[in-house]
Amino acid sequence: MTAIVDPKIFRDYDIRAVVPDQLNKEGLLRIAEAIVHIFKPKNIQVGHDMRVTSDEFYAAFVEKLSELGVDVVKLGLVSTDMLYFASGKYDEDFALTISASHNPPEYNGIKMVKKGAIAVSGDSGIYEIRDFAVSDKKAEAMKETKGEITERDIMNDWIDHLLSFVHPGKMKPFNIVIDTGNGMAGHFMPNLEEKMPWKVTRLFYELDGTFPNHVPSPIEEKNRVDCTNKVLETKADVGLVFDGDGDRVYMIDEKGRTASGTVMTAIIAENLLQKNEGATILYNAIVGRVVPEIIKKHNGKGIRVRVGHTLIKEAMRKYDALFCGEHSGHYYFKSNFYADSAIIAALLVLELMSVNNKKLSDYIDEYEKYPASGEINFEVNDKEKTMKEIESEYKDKANSVDWLDGVSVWFDDYWFNVRPSNTEPLLRLNVEADNKNLLDQKTAELIELIKSKGGKPKE
């Protein structure tokens, strides 16, 4: 059968494809060859998620790597943050998992890192993999004999690692609703729950790549409804909603409100700074103003950085940062090999709630002090030109303007950021203000301005 490898499936941070239209098994084997040709690993850890095609892809990938003389350690079912942990904990040169994150059922793909959970991105190999995979080139085997295939169960080490971030004895016996969306968090959460005093109401823990209940993409409110309703019905203290590969989590308070990435970042920063006075905390360019305020209040050093997991992991190492929070729900930890983990983030929030005897709603009330628009996307023809035109409209009146990540414009009582998508012809607008009236006014003003420059709002 002919290999199908659509060049468009290679993204800045991973590979995601509609199967089999954009990627079939033979195409996957071309990607395996490309990884061996470019990175020349002597050994690789390989895992997979619960998607319908993941078992077949996993088996084929392992066998192809072995044929190419690479020793393969089979991890079996892993969440993406389990893969990052395995890459940091063990000695293999490379680690990857067959996964398409939170995408719908017809998708599959690959997430990969070098030893030490060092990200592989568009700048460090993904586009080279693409160019080789769509060519007629052949990879040379790493040795004349087939690579050895072994298995490794990392679950106990993973749970011990998670527990190292908190004091389980300080954890209150919360009543928690946890929705894993038939995704990978349902694989490890039962093992963690055994170590916690919680009473857990489980939603959709069965691993099922058809996603019969909802798509495991909690960034969309409709995919949080089941958990929110169950929290209210059971009068639970808190709800957790994970995405498909388990590396992102949204927390819901007892009133049914979702804690934003800004609120989560502020809570986690407070917890960690109480244990690590003077530490450096990073936050991305879209996170709200309360985060640097909390970092300063707790005697930390805050540094604002660009959006994107590869850039953040590089900045974490550069600044020897303890933690970084993103507006999108990714949270990175120095002691997690500078990689992101949803469950570590949730544990740290629950620990601070326990120690301070506060509800999640108390933190949302306290830290959601600046109303925000959320991300509004526009299709544009010339991203750079449009951003410069926006800057020229405001720079004479603004307190300051910076181009850390797109253009950010700062005033006494509001600020906004307009930044380009790395993968699409989109500009993303975020606005934050001192009050709701001002937020609505300035958001409407900016939407009209971007539309006047040819931007088309995108749902």
# chains A, B, ... in the order shown; residues from 1 in each chain; ligands from 1
$ residues_around --residues "Met184 in chain A" --least-positions-apart "6" --cutoff "12 Å" --atoms "only C-alpha atoms" --output "VMD selection string"
chain A and resid 47 to 51 76 to 83 97 to 102 190 204 to 209 211 216 241 to 249 342 to 343
$ write_last_selection --atoms "C-alpha atoms" --output "tab-separated table (two decimals), in the first residue's frame"
chain	number	residue	atom	x	y	z
A	47	GLY	CA	3.84	4.85	24.38
A	48	HIS	CA	0.33	5.35	23.07
A	49	ASP	CA	-3.10	6.71	24.00
A	50	MET	CA	-6.57	5.16	23.77
A	51	ARG	CA	-7.51	6.19	20.24
A	76	GLY	CA	2.08	0.93	26.75
A	77	LEU	CA	-0.73	3.33	27.67
A	78	VAL	CA	0.58	6.72	28.85
A	79	SER	CA	-0.71	10.25	29.16
A	80	THR	CA	1.46	12.90	27.54
A	81	ASP	CA	2.75	14.14	30.88
A	82	MET	CA	3.63	10.53	31.78
A	83	LEU	CA	5.71	10.45	28.60
A	97	THR	CA	3.67	8.64	22.15
A	98	ILE	CA	1.05	7.88	19.54
A	99	SER	CA	-1.58	10.51	20.39
A	100	ALA	CA	-3.62	13.36	18.95
A	101	SER	CA	-4.26	15.14	22.24
A	102	HIS	CA	-7.85	16.46	22.49
A	190	PRO	CA	-7.48	5.54	39.99
A	204	PHE	CA	-16.10	8.73	31.78
A	205	TYR	CA	-13.00	6.92	33.09
A	206	GLU	CA	-13.34	4.06	30.57
A	207	LEU	CA	-10.69	4.47	27.87
A	208	ASP	CA	-12.62	4.86	24.62
A	209	GLY	CA	-11.20	6.55	21.55
A	211	PHE	CA	-15.38	9.56	22.81
A	216	PRO	CA	-12.08	15.54	25.45
A	241	VAL	CA	-11.98	18.09	33.59
A	242	PHE	CA	-9.01	16.62	31.69
A	243	ASP	CA	-8.28	16.68	27.99
A	244	GLY	CA	-7.75	13.57	25.88
A	245	ASP	CA	-4.06	13.00	26.45
A	246	GLY	CA	-4.26	14.09	30.10
A	247	ASP	CA	-1.84	17.02	29.98
A	248	ARG	CA	-4.41	19.80	30.45
A	249	VAL	CA	-6.99	20.28	33.20
A	342	ALA	CA	-2.12	18.93	34.46
A	343	ILE	CA	-2.40	16.71	37.51
$ residues_around --residues "Ile9 in chain A" --least-positions-apart "4" --cutoff "9 Å" --atoms "only C-alpha atoms" --output "list in words"
Val5, Asp14, Ile15, Arg16, Ala17, Val18, Gln22, Leu23, Gly109 and Arg130 of chain A
$ write_last_selection --atoms "C-alpha atoms" --output "PDB file, in the first residue's frame"
ATOM      1  CA  VAL A   5       1.810  11.504   4.589  1.00  0.00           C
ATOM      2  CA  ASP A  14       3.601  17.802  17.234  1.00  0.00           C
ATOM      3  CA  ILE A  15       2.048  15.768  14.417  1.00  0.00           C
ATOM      4  CA  ARG A  16      -1.751  15.501  14.118  1.00  0.00           C
ATOM      5  CA  ALA A  17      -3.630  13.958  11.216  1.00  0.00           C
ATOM      6  CA  VAL A  18      -7.003  12.678  10.098  1.00  0.00           C
ATOM      7  CA  GLN A  22      -3.836  12.410   5.868  1.00  0.00           C
ATOM      8  CA  LEU A  23      -1.828   9.572   7.432  1.00  0.00           C
ATOM      9  CA  GLY A 109      -0.571  11.711  15.654  1.00  0.00           C
ATOM     10  CA  ARG A 130       8.287  16.047   7.362  1.00  0.00           C
TER      11      ARG A 130
END
$ closest_residue --among "A:Ser164, A:Gln274, A:Thr53, A:Thr180" --to "Lys25 in chain A" --atoms "only C-alpha atoms"
A:Thr53
$ select_by_dssp --residues "range 33-229 of chain A" --states "strand (DSSP E or B)" --output "ChimeraX atom specification"
/A:43-48,71-77,94-98,107-114,118-119,149-151,175-179,199-203
$ closest_residue --among "A:Asp434, A:Glu151, A:Glu270, A:Glu254" --to "Glu351 in chain A" --atoms "only C-alpha atoms"
A:Glu270
$ residues_around --residues "range 425-433 of chain A" --least-positions-apart "6" --cutoff "6 Å" --atoms "only C-alpha atoms" --output "PyMOL selection string"
chain A and resi 370-380+413-419+439
$ write_last_selection --atoms "N, CA and C atoms" --output "short mmCIF file (atom, residue, chain, number, x, y, z; two decimals), in the first residue's frame"
data_model
loop_
_atom_site.label_atom_id
_atom_site.label_comp_id
_atom_site.auth_asym_id
_atom_site.auth_seq_id
_atom_site.Cartn_x
_atom_site.Cartn_y
_atom_site.Cartn_z
N TYR A 370 -9.71 41.28 37.45
CA TYR A 370 -9.70 42.06 36.23
C TYR A 370 -10.49 41.30 35.15
N PRO A 371 -11.65 41.83 34.73
CA PRO A 371 -12.42 41.14 33.68
C PRO A 371 -11.61 41.02 32.39
N ALA A 372 -11.75 39.88 31.71
CA ALA A 372 -10.98 39.60 30.50
C ALA A 372 -11.90 39.12 29.39
N SER A 373 -11.50 39.39 28.17
CA SER A 373 -12.32 39.05 27.00
C SER A 373 -12.24 37.59 26.61
N GLY A 374 -11.17 36.91 27.04
CA GLY A 374 -10.88 35.62 26.43
C GLY A 374 -10.32 35.85 25.04
N GLU A 375 -9.90 34.77 24.39
CA GLU A 375 -9.22 34.91 23.11
C GLU A 375 -10.23 35.01 21.97
N ILE A 376 -10.10 36.06 21.16
CA ILE A 376 -10.98 36.31 20.00
C ILE A 376 -10.12 36.23 18.75
N ASN A 377 -10.48 35.35 17.83
CA ASN A 377 -9.65 35.09 16.64
C ASN A 377 -10.20 35.78 15.40
N PHE A 378 -9.28 36.24 14.56
CA PHE A 378 -9.62 36.90 13.31
C PHE A 378 -8.78 36.31 12.17
N GLU A 379 -9.43 36.03 11.06
CA GLU A 379 -8.70 35.66 9.85
C GLU A 379 -8.20 36.94 9.18
N VAL A 380 -6.90 36.99 8.89
CA VAL A 380 -6.31 38.17 8.25
C VAL A 380 -5.35 37.73 7.15
N ASP A 413 -5.75 51.60 32.92
CA ASP A 413 -6.93 50.85 33.34
C ASP A 413 -7.30 49.68 32.41
N TYR A 414 -6.53 49.44 31.38
CA TYR A 414 -6.74 48.26 30.55
C TYR A 414 -5.48 48.00 29.73
N TRP A 415 -5.42 46.80 29.16
CA TRP A 415 -4.34 46.46 28.24
C TRP A 415 -4.87 45.42 27.27
N PHE A 416 -4.19 45.30 26.14
CA PHE A 416 -4.58 44.26 25.20
C PHE A 416 -3.35 43.72 24.47
N ASN A 417 -3.53 42.53 23.95
CA ASN A 417 -2.48 41.88 23.16
C ASN A 417 -3.11 41.36 21.88
N VAL A 418 -2.42 41.56 20.77
CA VAL A 418 -2.80 40.95 19.49
C VAL A 418 -1.59 40.19 18.99
N ARG A 419 -1.73 38.88 18.84
CA ARG A 419 -0.58 38.07 18.44
C ARG A 419 -0.97 37.13 17.31
N LEU A 439 -14.07 46.96 29.79
CA LEU A 439 -13.70 45.79 28.99
C LEU A 439 -14.58 45.68 27.76
#
$ residues_around --residues "range 255-264 of chain A" --least-positions-apart "3" --cutoff "9 Å" --atoms "only C-alpha atoms" --output "PyMOL selection string"
chain A and resi 224+227-229+231-232+235+237-239+250-252+267-269+283+286-291+325-331+345-346+349+360-361+363-364+366-368
